[in-house]
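> Sharing a structure, written as structure tokens. Questions coming.
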Amino acid sequence: MRKLLLFCICFYSSSTFAQDSTRTSAEEVNILYRNEASGGVIIHSNGFGITFKRGWHLTGYKKQMLDIEFVSLRDPKQYKLANPDYPDAKPYFFGKLNFAYVLRGGYGRQNVIFSKGERSGVEVRYNYYGGLSLGITKPVFLDILVDNPNPNEPGTKKIVTRPYDPADPDQQDQREDIYGPGPYFQGLDLLSIYPGVYGKLAISFEYAGWQDKITAIETGIVVDAYAKKIPIMANSHNHNVFFNFYVSLIWGGKW
């Protein structure tokens, strides 16, 4: 009887120890990582691009953040059309002077509103950033139909590539003279820079399944302001201040 009782006590103790060990291994211990880095894609009201962030913990609920982004910038009035006289003509943006891009670099803070207690939870943060914003423009090139100077081919036309110029007589008739867009990478030696500043206010939702990983959605508003107007379109009112709503998808890690 004593042996049976001793056996039961030992079995119960072993079972309890095993359950405690299993519970300890299953429950993830919250760890405060001091550094993080992440990157992703961003879509805003007038374009899209890529984003990179680097973070340093100041406290358990506050981080200092480095914010870098490169995005395209379009005019909301731009639209594509094609020359109807040539079935093989490609669509182009009529009246567009330049392709425009924005390179942002700055610092900010990230503050936790609701922390994530478990793997399946969501951490909600609010973020604010500010810094330098560089507007970058590249001229739009078009394939233009001009009279063929070859006397052996009278009445024919040939294609020449030129930057879009609304003062050029060969480019004023969108129906007859513009054949389509020129090579995109032509004109990289003609870039123009427009220095400015930016500010950003956002809310982010981090829902990664592991504490040392980052999977997040960030959404908010960003304002870019430049000393000069950025000439995107030829026949519209260009601006030097841009307001955009954005959503970014972010992936990264912590250490």
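Order determines the names: the first chain of the structure tokens is A, the second B, and so forth; residues in each chain are numbered 1 upward, and ligands are numbered 1 upward as they are shown.
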Report as a Markdown table the residues of stretch 81-143 of chain A within 6 Å of stretch 222-237 of chain A, each with its shortest atom pair and distance in Å (one decimal), using only C-alpha atoms, ordered by chain and increasing residue number.

| residue | atom | partner | partner_atom | distance |
| --- | --- | --- | --- | --- |
| A:Gly95 | CA | A:Ala234 | CA | 5.4 |
| A:Lys96 | CA | A:Met233 | CA | 4.4 |
| A:Leu97 | CA | A:Met233 | CA | 5.1 |
| A:Asn98 | CA | A:Ile232 | CA | 4.9 |
> Output N, CA, C and O atoms for every residue in the selection just made, as an mmCIF file, in the first residue's frame.

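again-v6.cif written:
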data_model
loop_
_atom_site.group_PDB
_atom_site.id
_atom_site.type_symbol
_atom_site.label_atom_id
_atom_site.label_comp_id
_atom_site.auth_asym_id
_atom_site.auth_seq_id
_atom_site.Cartn_x
_atom_site.Cartn_y
_atom_site.Cartn_z
ATOM 1 N N GLY A 95 0.521 66.909 -72.606
ATOM 2 C CA GLY A 95 0.661 68.090 -71.769
ATOM 3 C C GLY A 95 1.532 67.890 -70.549
ATOM 4 O O GLY A 95 1.691 68.825 -69.756
ATOM 5 N N LYS A 96 2.133 66.694 -70.402
ATOM 6 C CA LYS A 96 2.980 66.461 -69.237
ATOM 7 C C LYS A 96 4.414 66.853 -69.552
ATOM 8 O O LYS A 96 5.042 66.310 -70.457
ATOM 9 N N LEU A 97 4.952 67.791 -68.766
ATOM 10 C CA LEU A 97 6.314 68.270 -68.978
ATOM 11 C C LEU A 97 7.360 67.347 -68.363
ATOM 12 O O LEU A 97 8.392 67.067 -68.978
ATOM 13 N N ASN A 98 7.098 66.903 -67.122
ATOM 14 C CA ASN A 98 8.113 66.164 -66.378
ATOM 15 C C ASN A 98 7.502 65.004 -65.589
ATOM 16 O O ASN A 98 6.364 65.095 -65.103
#
> Find the residues near A:Ile203: any atom within 8 Å, counting only C-alpha atoms, skip ones fewer than 5 places away on the same chain, and give them as a ChimeraX atom specification.
/A:124-127,218-220
> Closest to A:Phe185 among A:Leu66, A:Ala216, A:Leu142, A:Val102, using only C-alpha atoms?
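Using only C-alpha atoms, A:Phe185 sits closest to A:Leu142.
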> As a PyMOL selection string, which residues of stretch 11-145 of chain A does DSSP assign to strand (DSSP E)?
chain A and resi 35-44+47-57+62-73+80-81+92-93+98-114+123-139+141-145
> Nearest to A:Asn148 among A:Ile113, A:Ala208, A:Ala89, A:Val160, with distances taken over only C-alpha atoms: which residue is it?
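Smallest separation from A:Asn148 among the options: A:Val160.
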> With DSSP run on the backbone, what are the helix (DSSP H, G or I) residues within stretch 5-246 of chain A? I'd like them as a ChimeraX atom specification.
/A:5-26,169-171,188-190
> May I ask which of the residues A:Phe70, A:Tyr184, A:Phe243, A:Phe141 is the closest one to A:Arg104, counting only C-alpha atoms?
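Checking each of A:Phe70, A:Tyr184, A:Phe243, A:Phe141 against A:Arg104, counting only C-alpha atoms, the winner is A:Phe70.
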> Taking into account only C-alpha atoms, which residue in the set A:Phe99, A:Tyr128, A:Tyr107, A:Tyr86 is nearest to A:Gln186?
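Using only C-alpha atoms, A:Gln186 sits closest to A:Phe99.
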> Interatomic distance between atom CA of A:Arg54 and atom CA of A:Asn35?
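A separation of 7.7 Å between them.
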> Would you mind listing what lies within 10 Å of A:Ile217 as a PyMOL selection string, with only C-alpha atoms counted and same-chain residues fewer than 4 positions away left out?
chain A and resi 40+42+124+203-207+247-251
> Looking at A:Pro139, A:Gly49, A:Gly60, A:Gly199, which one is nearest to A:Pro183, with distances taken over only C-alpha atoms?
A:Pro139
> What's around A:Lys62 at 9 Å? Count only C-alpha atoms, leave out sequence neighbours fewer than 3 positions away in its own chain, and write the answer as a ChimeraX atom specification.
/A:56-59,109-112
> May I have the residues from that selection written out with C-alpha atoms, as a PDB file, in the first residue's frame?

ATOM      1  CA  TRP A  56      15.738  52.839 -31.478  1.00  0.00           C
ATOM      2  CA  HIS A  57      13.833  52.292 -28.226  1.00  0.00           C
ATOM      3  CA  LEU A  58      13.898  55.256 -25.851  1.00  0.00           C
ATOM      4  CA  THR A  59      11.546  53.601 -23.341  1.00  0.00           C
ATOM      5  CA  ARG A 109       8.873  59.404 -32.832  1.00  0.00           C
ATOM      6  CA  GLN A 110       6.705  56.331 -32.488  1.00  0.00           C
ATOM      7  CA  ASN A 111       4.532  55.970 -29.393  1.00  0.00           C
ATOM      8  CA  VAL A 112       2.551  52.891 -28.351  1.00  0.00           C
TER       9      VAL A 112
END
